[in-house]
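I have placed the structure first, in the form of structure tokens, so that the comments after it can refer back to it.
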Amino acid sequence: MDMNGIALIDVASILSSRTGKKPSRLVVAILKRLIHQDWINDVLLKIGTRKDVDFMCAVVEAMDIHLEVKGLENLPEPGNRTMFVCNHPLGGVDVVSVVSVVGVKYPEGLLIPANDFLLHLKNIKDMLIPVNKVGGQSKELSDRLNAAYASDAQLMFFPAGRVSRKHKGIIADDEWKKNFVSKSVEYHRQVLPIRIDAQNSRLFYFVARIRKIIGLKLNIEMLMLPRELYRQRGKTIKITIGKAVAWKNLDSTKSPKVLAQEIRAMVYNL
């Protein structure tokens, strides 16, 4: 729904658009509470019509997020086509925070492949390249992604494809997908690793672990991410920016899959 030109979150409308059916009032009421719809809309109203990187900066301010950043001197100058790759510890505030730090440097723009569900946030839809996490990827969306690779805009990837989980007591991304390596070489983009230090609640990791133990395929912990977003108010997030790796220096004797895990290791060693 819109209010004075500001796009607000409306669970009922989103469910209707994605299912083609009118959702029950009970389901809507539960989901509104689960995702903190009223709080999110209050934040959106405060931010107003600010867009893209400016919107991300406004969210950091509105949530009173404190950023500790190291390695700003490693950010390439504008015009140097770069693939920024980051770990994904939180599922929301981590993206907002790192974009607010990196994006302000690049007038050519910063593009991010993201779940097509996020297009409901109209303030940032122009900087998102929609990726369908549920169904197959259409040719149109694939073409848009390739056009972004070929463009002069900067790109930011979260190659794990999902939020970090706890593995043997350590919170870390799953294995990184190789696509960003292949595309960096194909489109002559340097790769720059960025580490984000933050974590979700113990409950989030507990639910993820229990779901895995019982073999439930439905990713129920993802429904908790709006709650986790709400919990990050007033928190400190640490961001460490590494040094860029030229695409020519990506070892051609190694597979993209192997290189992706090596770059993942670089991130966690920052």
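Ligands are numbered from 1 in the order shown, chains are lettered A, B, ... in the order of the structure tokens, and residues start at 1 in each chain.
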Exercise. Identify, on the basis of only C-alpha atoms, every residue whose closest approach to Val267 (chain A) does not exceed 9 Å; exclude the query and any residue fewer than 5 positions from it along the same chain; express the result as a ChimeraX atom specification.
Key: /A:85-87,193-196,240-242,262
Counting only C-alpha atoms, which residues of region 66-172 of chain A fall within 8 Å of region 51-57 of chain A, and what is the closest atom pair for each with its distance in Å at one decimal, ordered by chain and rising number, as CSV?
residue,atom,partner,partner_atom,distance
A:Val96,CA,A:Met56,CA,5.2
A:Ser97,CA,A:Met56,CA,7.1
A:Val99,CA,A:Val53,CA,6.5
A:Ser100,CA,A:Cys57,CA,4.9
A:Gly103,CA,A:Val53,CA,5.8
A:Val104,CA,A:Val53,CA,6.6
A:Asn123,CA,A:Lys51,CA,4.7
A:Ile124,CA,A:Asp52,CA,4.6
A:Lys125,CA,A:Asp52,CA,7.6
A:Asp126,CA,A:Asp52,CA,7.0
A:Met127,CA,A:Asp52,CA,6.1
Quiz prompt | Nearest-residue call for Pro226 (chain A), choices A:Asn115, A:Asn146, A:Gln261, A:Gln37, using only C-alpha atoms | solution = A:Gln37
Quiz item: Between A:Leu128, A:Val191, A:Val185, A:Leu270, which is the closest to Leu110 (chain A) once you count only C-alpha atoms?
Solution: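 The closest residue to Leu110 (chain A) is A:Leu128.
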Quiz item: Could you pull out all residues of region 58-233 of chain A with a DSSP call of strand (DSSP E or B) and give them as a PyMOL selection string?
Solution: chain A and resi 66-70+82-86+110-115+128-131+154-157+165-167+170-172+190-197
Mind dumping the selected residues with C-alpha atoms as a compact mmCIF listing (two decimals), in the first residue's frame?
# COMPACT_ATOMS: atom_id res chain seq x y z
CA HIS A 66 26.65 1.49 14.99
CA LEU A 67 29.19 0.60 12.30
CA GLU A 68 32.86 -0.14 12.93
CA VAL A 69 34.62 -0.18 9.56
CA LYS A 70 38.19 -1.20 8.73
CA THR A 82 34.22 -4.67 -9.06
CA MET A 83 32.41 -7.70 -7.68
CA PHE A 84 32.09 -7.12 -3.93
CA VAL A 85 31.54 -10.45 -2.16
CA CYS A 86 30.40 -10.68 1.46
CA LEU A 110 25.60 -0.50 -6.93
CA LEU A 111 23.49 -3.50 -7.97
CA ILE A 112 22.63 -6.52 -5.82
CA PRO A 113 21.09 -9.84 -6.90
CA ALA A 114 18.35 -10.48 -4.33
CA ASN A 115 15.22 -12.48 -3.62
CA LEU A 128 18.01 -5.00 -6.97
CA ILE A 129 18.38 -7.67 -9.62
CA PRO A 130 15.51 -10.08 -8.85
CA VAL A 131 16.40 -13.73 -8.31
CA GLN A 154 29.38 -2.04 -9.23
CA LEU A 155 27.99 -5.41 -8.10
CA MET A 156 27.62 -6.88 -4.62
CA PHE A 157 27.10 -10.59 -4.02
CA ARG A 165 24.05 -21.02 10.16
CA LYS A 166 25.86 -22.47 13.16
CA HIS A 167 28.19 -25.34 12.26
CA ILE A 170 30.78 -21.69 14.73
CA ILE A 171 28.51 -19.26 12.89
CA ALA A 172 29.51 -19.21 9.23
CA GLN A 190 37.95 -7.68 -9.98
CA VAL A 191 36.76 -9.42 -6.82
CA LEU A 192 36.85 -7.66 -3.44
CA PRO A 193 36.16 -9.64 -0.23
CA ILE A 194 34.27 -8.05 2.68
CA ARG A 195 33.68 -9.57 6.10
CA ILE A 196 30.67 -8.68 8.25
CA ASP A 197 30.85 -9.60 11.93
Quiz item: When you draw a straight line from CA of Lys235 (chain A) to CA of Ile47 (chain A), how long is it in Å?
Solution: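 Between these atoms lies a distance of 19.3 Å.
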Quiz item: Pick from A:Ala244, A:Leu259, A:Ile65, A:Leu75: nearest to Tyr230 (chain A), with only C-alpha atoms counted?
Solution: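 Answer, going by the shortest atom-to-atom distance: A:Ile65.
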Exercise. Mind the document's chain letters and residue numbers, and return as an NGL selection string the residues of region 65-270 of chain A that DSSP labels alpha helix (DSSP H).
Key: :A and (93-102 or 139-150 or 179-186 or 202-214 or 225-231 or 256-268)
Residues from last step as file, C-alpha atoms, as a PDB file, in the first residue's frame:
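And here's selection-v8.pdb as it stands now:
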ATOM      1  CA  VAL A  93      20.798  -5.487   8.514  1.00  0.00           C
ATOM      2  CA  ASP A  94      24.107  -6.891   7.248  1.00  0.00           C
ATOM      3  CA  VAL A  95      23.136  -6.013   3.673  1.00  0.00           C
ATOM      4  CA  VAL A  96      21.829  -2.584   4.653  1.00  0.00           C
ATOM      5  CA  SER A  97      24.990  -1.824   6.632  1.00  0.00           C
ATOM      6  CA  VAL A  98      27.569  -2.869   4.051  1.00  0.00           C
ATOM      7  CA  VAL A  99      25.685  -1.109   1.235  1.00  0.00           C
ATOM      8  CA  SER A 100      25.572   2.093   3.297  1.00  0.00           C
ATOM      9  CA  VAL A 101      29.371   1.917   3.626  1.00  0.00           C
ATOM     10  CA  VAL A 102      30.321   0.850   0.100  1.00  0.00           C
ATOM     11  CA  LYS A 139      15.138 -16.025 -19.310  1.00  0.00           C
ATOM     12  CA  GLU A 140      14.156 -12.397 -18.711  1.00  0.00           C
ATOM     13  CA  LEU A 141      15.662 -12.412 -15.217  1.00  0.00           C
ATOM     14  CA  SER A 142      18.795 -14.195 -16.457  1.00  0.00           C
ATOM     15  CA  ASP A 143      19.192 -11.574 -19.178  1.00  0.00           C
ATOM     16  CA  ARG A 144      18.870  -8.788 -16.597  1.00  0.00           C
ATOM     17  CA  LEU A 145      21.563 -10.410 -14.488  1.00  0.00           C
ATOM     18  CA  ASN A 146      23.949 -10.728 -17.431  1.00  0.00           C
ATOM     19  CA  ALA A 147      23.266  -7.113 -18.410  1.00  0.00           C
ATOM     20  CA  ALA A 148      24.258  -6.087 -14.880  1.00  0.00           C
ATOM     21  CA  TYR A 149      27.521  -8.038 -15.145  1.00  0.00           C
ATOM     22  CA  ALA A 150      28.291  -6.255 -18.409  1.00  0.00           C
ATOM     23  CA  ASN A 179      28.784 -18.270 -10.131  1.00  0.00           C
ATOM     24  CA  PHE A 180      30.440 -15.025  -9.021  1.00  0.00           C
ATOM     25  CA  VAL A 181      33.878 -16.416  -9.927  1.00  0.00           C
ATOM     26  CA  SER A 182      32.824 -17.509 -13.411  1.00  0.00           C
ATOM     27  CA  LYS A 183      31.103 -14.198 -14.102  1.00  0.00           C
ATOM     28  CA  SER A 184      33.989 -12.131 -12.735  1.00  0.00           C
ATOM     29  CA  VAL A 185      36.330 -13.780 -15.232  1.00  0.00           C
ATOM     30  CA  GLU A 186      33.830 -13.650 -18.096  1.00  0.00           C
ATOM     31  CA  ARG A 202      20.350 -18.232  19.705  1.00  0.00           C
ATOM     32  CA  LEU A 203      16.728 -19.093  18.951  1.00  0.00           C
ATOM     33  CA  PHE A 204      17.321 -18.606  15.215  1.00  0.00           C
ATOM     34  CA  TYR A 205      20.195 -21.110  15.164  1.00  0.00           C
ATOM     35  CA  PHE A 206      18.324 -23.494  17.474  1.00  0.00           C
ATOM     36  CA  VAL A 207      15.309 -23.586  15.162  1.00  0.00           C
ATOM     37  CA  ALA A 208      17.599 -24.123  12.147  1.00  0.00           C
ATOM     38  CA  ARG A 209      19.333 -27.014  13.916  1.00  0.00           C
ATOM     39  CA  ILE A 210      16.086 -28.693  15.002  1.00  0.00           C
ATOM     40  CA  ARG A 211      14.655 -28.373  11.488  1.00  0.00           C
ATOM     41  CA  LYS A 212      17.749 -30.119  10.118  1.00  0.00           C
ATOM     42  CA  ILE A 213      17.607 -32.884  12.732  1.00  0.00           C
ATOM     43  CA  ILE A 214      13.969 -33.748  12.003  1.00  0.00           C
ATOM     44  CA  LEU A 225      14.352 -12.969   9.917  1.00  0.00           C
ATOM     45  CA  PRO A 226      12.028  -9.961  10.402  1.00  0.00           C
ATOM     46  CA  ARG A 227      12.193 -10.685  14.147  1.00  0.00           C
ATOM     47  CA  GLU A 228      15.977 -10.817  13.885  1.00  0.00           C
ATOM     48  CA  LEU A 229      15.935  -7.508  12.010  1.00  0.00           C
ATOM     49  CA  TYR A 230      13.912  -5.973  14.837  1.00  0.00           C
ATOM     50  CA  ARG A 231      16.415  -7.277  17.403  1.00  0.00           C
ATOM     51  CA  PRO A 256      35.388 -21.851 -10.087  1.00  0.00           C
ATOM     52  CA  LYS A 257      33.982 -23.964  -7.242  1.00  0.00           C
ATOM     53  CA  VAL A 258      37.410 -24.294  -5.612  1.00  0.00           C
ATOM     54  CA  LEU A 259      38.187 -20.608  -6.130  1.00  0.00           C
ATOM     55  CA  ALA A 260      34.849 -19.621  -4.585  1.00  0.00           C
ATOM     56  CA  GLN A 261      35.730 -21.499  -1.379  1.00  0.00           C
ATOM     57  CA  GLU A 262      39.216 -19.956  -1.337  1.00  0.00           C
ATOM     58  CA  ILE A 263      37.709 -16.466  -1.546  1.00  0.00           C
ATOM     59  CA  ARG A 264      35.227 -17.440   1.174  1.00  0.00           C
ATOM     60  CA  ALA A 265      38.221 -18.380   3.339  1.00  0.00           C
ATOM     61  CA  MET A 266      39.817 -15.004   2.524  1.00  0.00           C
ATOM     62  CA  VAL A 267      36.713 -13.285   3.883  1.00  0.00           C
ATOM     63  CA  TYR A 268      36.802 -15.180   7.167  1.00  0.00           C
TER      64      TYR A 268
END
Practice problem: Provide the CA of Val27 (chain A) to CA of Ser13 (chain A) distance in Å, to one decimal place. | Solution: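 Straight-line distance from CA of Val27 (chain A) to CA of Ser13 (chain A) works out to 12.4 Å.
Shortest atom-to-atom contact with Ser151 (chain A) among A:Ala29, A:Lys46, A:Asn41, A:Asn80: A:Asn80, counting only C-alpha atoms.
CA of Lys243 (chain A) is found 8.2 Å from CA of Gly71 (chain A).
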Quiz item: With only C-alpha atoms as the atoms that count, which of A:Asp152, A:Glu221, A:Asp38, A:Asp174 lies nearest to His188 (chain A)?
Solution: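 The shortest atom-to-atom distance to His188 (chain A) comes from A:Asp152.
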